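Shown next, in structure tokens, is the structure this report addresses.
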Amino acid sequence: MQIYLPIAEVSVNALLILGLGGLVGILSGMFGVGGGFLITPLLFFIGIPPAVAVATSTNQIVAASFSALLAHLKRKTVDIKMGGVLLAGGLVGAAAGVQVFAALTRLGQVDLMVRLCYVVFLGIIGTLMLIESLRALRRARAAGGNLPPMRKQRGWIDALPFKMRFRTSGLYISVIPPVVVGLFVGLLAAIMGVGGGFIMVPAMIYLLGMPTKVVIGTSLFQIIFVAGFATLMHATTNYSVDLVLAMLLLLGGVVGAQIGTSIGTRMKAEQLRILLAALVLAVGVQLALELLLAPSELYSLADMRVAP
Amino acid sequence: MAVTIWLAGVAAHAEAVVAGLSQDAIAITTNFEGSEILIFGAVRREAPPPGTAPLEVIITVQGPPRPVTVRRKDRRFGIWVNTDASEIDAAPTFYAVKTTAPLSVVLSQTEDMRHRVTLDRVIRAVGTGRADQDLFNAALIRIRSADGAYQLIEGGVRLREQTLFDTAVRLPANLTEGEYVTRIFLMRDGAVVDLYEQTIPVRKVGVERMIYTLAQDRPLIYGLLSLCIAIAAGWMASAVFRAIRR
């Protein structure tokens with residue numbers, strides 16, 4: 001079933017887009033990632049202009065994340081206080097990121113920077129998570145059952161001032177690390193055109209020491225706001241949010257997110273982390289290959305949209 | 001309009017085009033999958049065909065021109081990076097050329113320059129300051145040809161009895177809105193004998209038009225609307241699933 005997208009100005013198969021949204025929705029419910037790092041390259045691949053793909057996927061992320069968040073809220077696996085602290089840093093970071101993005105666009109190197117960011121962060125995070133979760137899985141097996149996670153040594157983080165109690169996460173830590181994490185993720189999210197969940201989730205687990213079950217809901221909570229902010233920015237500055245494309249994506253996405261959430265609760269935390277790590281690594285390697293291998297077409301076109 | 005051009009043609013030349021198009025406007029609707037225009041016509045003669053050189057026909061369809069940046073990658077520090085760029089002032093978003101015989105036979109250099117028939121003449125890239133601008137133009141043509149946006153079909157026009165001609169031009173689904181100009185050239189010995197021109201407007205209609213206009217004119221409201229729809233869809237899916245599980 002072909003459908004014409006009014007902003008992207010291309011005709012696409014509606015069922016293909018629905019399926020794509022569903023697939024990414026499942027991942028977003030399972031892992032607490034918005035799925036932007038997957039959906040944007042996939043949209044490029046089916047011929048949606050990059051500007052429209054980036055802007056529209058932020059809108060789809062809002063829908064999928066909200067759907068998944070409601071499921072998490074019901075299970076009380078959202079640390080709203082922590083989410084608020086992360087968000088405060090995130091919005092400041094995102095606003096700064098938009099400026100960096102504009103500067104890179106003027107230099108014509110935005111593509112390269114985005115790709116390098118993806119490769120570096122996906123590579124580092126994927127590798128670290130894979131090693132850590134494999135080790136945790138082996139430890140659990142050796143002990144013949146589920147061990148409580150080892151208490152992390154966070155010497156210098158514990159020494160920071162402005163301590164706050166986060167009851168849902170069972171933490172009593174300084175607000176400085178979460179604000180810095182939020183700031184950094186917001187900055188990257190704006191540059192890379194994603195919600196930033198795939199950076200946020202590991203940062204919360206490994207830097208802040210939050211329990212995995214709470215991490216996913218909390219990540220979704222802050223992604224909604226960062227992605228919503230990005231959607232508005234794209235709609236008002238680039239006129240590149242395609243409502244029809246977004247509707248198709250989110251129809252598939254919200255259903256997928258619900259399915260993903262229920263799959264996620266039935267799996268062990270270590271298994272979830274191994275899967276997410278493998279996924280992150282696969283996308284990272286794919287993007288790295290594109291940078292390293294000689295492209296078949298050396299030239300590329302960048303259409304300049306005529307502003308009204 | 002056709003009649004006036006035709007009359008002018010008769011006054012100036014011994015042979016003139018009388019032509020028609022299967023559509024005088026194209027509407028882009030929600031289920032738009034591209035379109036096909038049939039272009040047909042005949043040669044009107046006051047006297048028997050002159051000379052020995054055969055009559056040939058060139059038909060072009062041109063979409064609205066837009067500026068475009070062509071970037072070239074090069075290997076730097078082991079990775080492929082955009083190093084050079086050329087900003088082309090105006091390149092048509094769609095361009096089709098159909099002829100009765102190979103262009104090199106049908107069209108002389110001077111006539112090509114005067115009427116801008118081939119893509120090399122249509123694409124305006126002046127003052128880019130690049131010595132290798134040709135390479136960028138060629139890349140633009142190569143990439144757009146692969147998408148079906150640029151077409152050159154030599155021998156794609158059928159000409160019968162040196163009088164009746166017809167062809168079909170395939171318009172892809174990713175059409176840019178605007179005026180599409182159809183030109184029909186009657187050629188003899190590489191020179192243009194007569195020229196017929198007609199414009200077809202391509203417009204979005206209905207819901208497509210509404211969404212596009214809203215996005216352009218009221219971007220903030222459009223953005224907020226997109227967010228509301230996203231939140232509502234997320235909430236509804238959650239509610240539906242809860243109801244199913246119960």
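Chain identifiers are assigned as A, B, and so on, following the order in which chains appear in the structure tokens; residues are numbered from 1 within each chain, and ligands are numbered from 1 in order of appearance.
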
Kindly provide the residues of chain B that approach chain A to within 6 Å, each paired with its closest atom pair and their distance in Å to one decimal, based on only C-alpha atoms, listed by chain and increasing number, as a tab-separated table.
residue	atom	partner	partner_atom	distance
B:Thr30	CA	A:Tyr4	CA	4.9
B:Asn31	CA	A:Ile3	CA	4.7
B:Phe32	CA	A:Tyr4	CA	5.7
B:Val68	CA	A:Asp303	CA	4.9
B:Thr69	CA	A:Ala302	CA	5.1
B:Val70	CA	A:Leu301	CA	4.7
B:Arg71	CA	A:Ser300	CA	5.2
B:Arg72	CA	A:Tyr299	CA	4.4
B:Lys73	CA	A:Leu298	CA	5.2
B:Ile79	CA	A:Leu292	CA	5.0
B:Trp80	CA	A:Leu291	CA	5.3
B:Ala173	CA	A:Ser11	CA	5.5
B:Asn174	CA	A:Val10	CA	4.1
B:Glu208	CA	A:Pro6	CA	5.1
B:Tyr212	CA	A:Pro6	CA	5.9
B:Pro219	CA	A:Thr236	CA	4.9
B:Leu220	CA	A:Thr236	CA	5.7
B:Gly223	CA	A:Leu232	CA	5.1
B:Ala230	CA	A:Ala63	CA	4.3
B:Ile231	CA	A:Ala63	CA	5.3
B:Gly234	CA	A:Ser67	CA	4.0
B:Trp235	CA	A:Ser67	CA	5.6
B:Ala237	CA	A:Val254	CA	5.8
B:Ser238	CA	A:Ser67	CA	5.5

Same residues, C-alpha atoms, saved as a PDB file, in the first residue's frame:
ATOM      1  CA  THR B  30      -2.231  10.598  -0.494  1.00  0.00           C
ATOM      2  CA  ASN B  31      -1.939   7.526  -2.695  1.00  0.00           C
ATOM      3  CA  PHE B  32       0.164   9.215  -5.385  1.00  0.00           C
ATOM      4  CA  VAL B  68      21.836  21.810  -4.850  1.00  0.00           C
ATOM      5  CA  THR B  69      25.149  21.118  -3.113  1.00  0.00           C
ATOM      6  CA  VAL B  70      27.276  18.280  -4.492  1.00  0.00           C
ATOM      7  CA  ARG B  71      29.859  16.948  -2.043  1.00  0.00           C
ATOM      8  CA  ARG B  72      32.853  14.727  -2.766  1.00  0.00           C
ATOM      9  CA  LYS B  73      34.409  12.315  -0.316  1.00  0.00           C
ATOM     10  CA  ILE B  79      38.344   7.430   6.929  1.00  0.00           C
ATOM     11  CA  TRP B  80      36.129   8.770   4.137  1.00  0.00           C
ATOM     12  CA  ALA B 173       6.604   9.439  -6.992  1.00  0.00           C
ATOM     13  CA  ASN B 174       8.965  11.914  -5.342  1.00  0.00           C
ATOM     14  CA  GLU B 208      -1.421  16.564   1.686  1.00  0.00           C
ATOM     15  CA  TYR B 212       2.138  20.972   4.076  1.00  0.00           C
ATOM     16  CA  PRO B 219       5.348  25.672  12.416  1.00  0.00           C
ATOM     17  CA  LEU B 220       4.902  26.021  16.194  1.00  0.00           C
ATOM     18  CA  GLY B 223       5.073  20.961  16.077  1.00  0.00           C
ATOM     19  CA  ALA B 230       2.457  11.286  19.704  1.00  0.00           C
ATOM     20  CA  ILE B 231       1.438  11.499  23.382  1.00  0.00           C
ATOM     21  CA  GLY B 234       1.288   6.417  23.293  1.00  0.00           C
ATOM     22  CA  TRP B 235      -1.434   6.716  25.924  1.00  0.00           C
ATOM     23  CA  ALA B 237      -1.758   1.980  23.039  1.00  0.00           C
ATOM     24  CA  SER B 238      -1.036   1.639  26.738  1.00  0.00           C
TER      25      SER B 238
END

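Shell of region 160-166 of chain B at 6 Å, with only C-alpha atoms counted and residues fewer than 2 places along the chain excluded, is Ile39, Phe40, Gly41, Ala42, Val43, Val157 and Arg158 of chain B.
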
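For the pair CA of Leu23 (chain A) and CA of Arg266 (chain A), the separation is 18.3 Å.
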
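For the atom pair formed by CA of Ile46 (chain A) and CA of Asp147 (chain B), the distance is 12.6 Å, given to one decimal.
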
> Between CA of Gly93 (chain A) and CA of Cys228 (chain B), what is the spacing in Å?
Replying inline: 24.1 Å

> So which residues touch Leu55 (chain B) within 9 Å, counting only C-alpha atoms, skipping near sequence neighbours fewer than 5 positions away, as an MDAnalysis selection string?
Replying inline: chainID B and resid 49 159 162:163 186:189

>> Taking the DSSP secondary structure from the backbone, can you list the residues of region 24-153 of chain B that are helix (DSSP H, G or I), as a count of residues only?
In response: 29

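Excluding Leu91 (chain A) itself and same-chain residues fewer than 5 positions from it, the residues having an atom within 9 Å of it are Leu86, Ala96, Gly182, Leu183, Gly186, Leu187, Phe225, Val226 and Phe229 of chain A, counting only C-alpha atoms.
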
Just N, CA and C atoms for this one: save the residues we selected as a PDB file, in the first residue's frame.
ATOM      1  N   LEU A  86      18.176  14.608  36.060  1.00  0.00           N
ATOM      2  CA  LEU A  86      18.826  14.320  34.766  1.00  0.00           C
ATOM      3  C   LEU A  86      18.320  15.278  33.690  1.00  0.00           C
ATOM      4  N   ALA A  96      22.502  23.719  24.084  1.00  0.00           N
ATOM      5  CA  ALA A  96      23.868  23.951  23.620  1.00  0.00           C
ATOM      6  C   ALA A  96      24.156  23.111  22.384  1.00  0.00           C
ATOM      7  N   GLY A 182      23.253  14.144  32.588  1.00  0.00           N
ATOM      8  CA  GLY A 182      22.137  14.684  31.813  1.00  0.00           C
ATOM      9  C   GLY A 182      22.595  15.699  30.792  1.00  0.00           C
ATOM     10  N   LEU A 183      23.485  16.589  31.233  1.00  0.00           N
ATOM     11  CA  LEU A 183      24.024  17.641  30.374  1.00  0.00           C
ATOM     12  C   LEU A 183      24.727  17.040  29.157  1.00  0.00           C
ATOM     13  N   GLY A 186      22.289  15.222  26.862  1.00  0.00           N
ATOM     14  CA  GLY A 186      21.480  16.202  26.127  1.00  0.00           C
ATOM     15  C   GLY A 186      22.258  16.794  24.966  1.00  0.00           C
ATOM     16  N   LEU A 187      23.524  17.112  25.218  1.00  0.00           N
ATOM     17  CA  LEU A 187      24.408  17.684  24.196  1.00  0.00           C
ATOM     18  C   LEU A 187      24.553  16.716  23.020  1.00  0.00           C
ATOM     19  N   PHE A 225      11.009  14.173  27.229  1.00  0.00           N
ATOM     20  CA  PHE A 225      11.151  15.620  27.233  1.00  0.00           C
ATOM     21  C   PHE A 225      12.216  16.089  26.253  1.00  0.00           C
ATOM     22  N   VAL A 226      13.345  15.389  26.222  1.00  0.00           N
ATOM     23  CA  VAL A 226      14.422  15.787  25.305  1.00  0.00           C
ATOM     24  C   VAL A 226      13.957  15.639  23.855  1.00  0.00           C
ATOM     25  N   PHE A 229      11.300  18.296  22.942  1.00  0.00           N
ATOM     26  CA  PHE A 229      11.989  19.571  22.730  1.00  0.00           C
ATOM     27  C   PHE A 229      12.614  19.604  21.328  1.00  0.00           C
TER      28      PHE A 229
END

> Which is closer to Thr40 (chain A) than all the others in A:Leu208, A:Leu248, A:Met164, A:Val24, using only C-alpha atoms?
Replying inline: A:Val24

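With only C-alpha atoms as the atoms that count, the residue of A:Met200, A:Leu279, A:Val52, A:Leu107 with the shortest distance to Thr83 (chain B) is A:Leu107.
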
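Around Asp24 (chain B), within 7 Å and counting only C-alpha atoms, the residues found are Leu21, Ser22 and Ile200 of chain B, once anything fewer than 2 positions away on its own chain is removed.
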
Would you write out those residues with N, CA and C atoms, as a short mmCIF file (atom, residue, chain, number, x, y, z; two decimals), in the first residue's frame?
data_model
loop_
_atom_site.label_atom_id
_atom_site.label_comp_id
_atom_site.auth_asym_id
_atom_site.auth_seq_id
_atom_site.Cartn_x
_atom_site.Cartn_y
_atom_site.Cartn_z
N LEU B 21 -1.31 17.00 -24.65
CA LEU B 21 -0.81 16.24 -23.51
C LEU B 21 -1.98 15.52 -22.86
N SER B 22 -1.73 14.35 -22.33
CA SER B 22 -2.82 13.58 -21.73
C SER B 22 -3.34 14.23 -20.45
N ILE B 200 2.72 22.23 -17.28
CA ILE B 200 1.79 21.44 -16.48
C ILE B 200 2.06 21.75 -15.02
#

> Near Val215 (chain A), counting only C-alpha atoms, which residues have an atom at most 12 Å away, once you skip same-chain residues fewer than 4 positions from it, shown as a PyMOL selection string?
Replying inline: chain A and resi 30-33+69+72+76-80+82-83+86+168-170+197-211+219-222+269+273

> Could you name the residues that touch Arg66 (chain B) at 7 Å or less, counting only C-alpha atoms, but leaving out those on the same chain fewer than 3 positions away, as JSON, numbers by chain?
Replying inline: {"B": [90, 91, 92, 93]}

Convert the current residue selection to file output with C-alpha atoms, as a PDB file, in the first residue's frame.
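part_7.pdb written:
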ATOM      1  CA  ALA B  90      20.028  25.748 -10.236  1.00  0.00           C
ATOM      2  CA  ALA B  91      19.439  22.180 -11.347  1.00  0.00           C
ATOM      3  CA  PRO B  92      16.023  20.892 -12.393  1.00  0.00           C
ATOM      4  CA  THR B  93      14.468  18.521  -9.865  1.00  0.00           C
TER       5      THR B  93
END
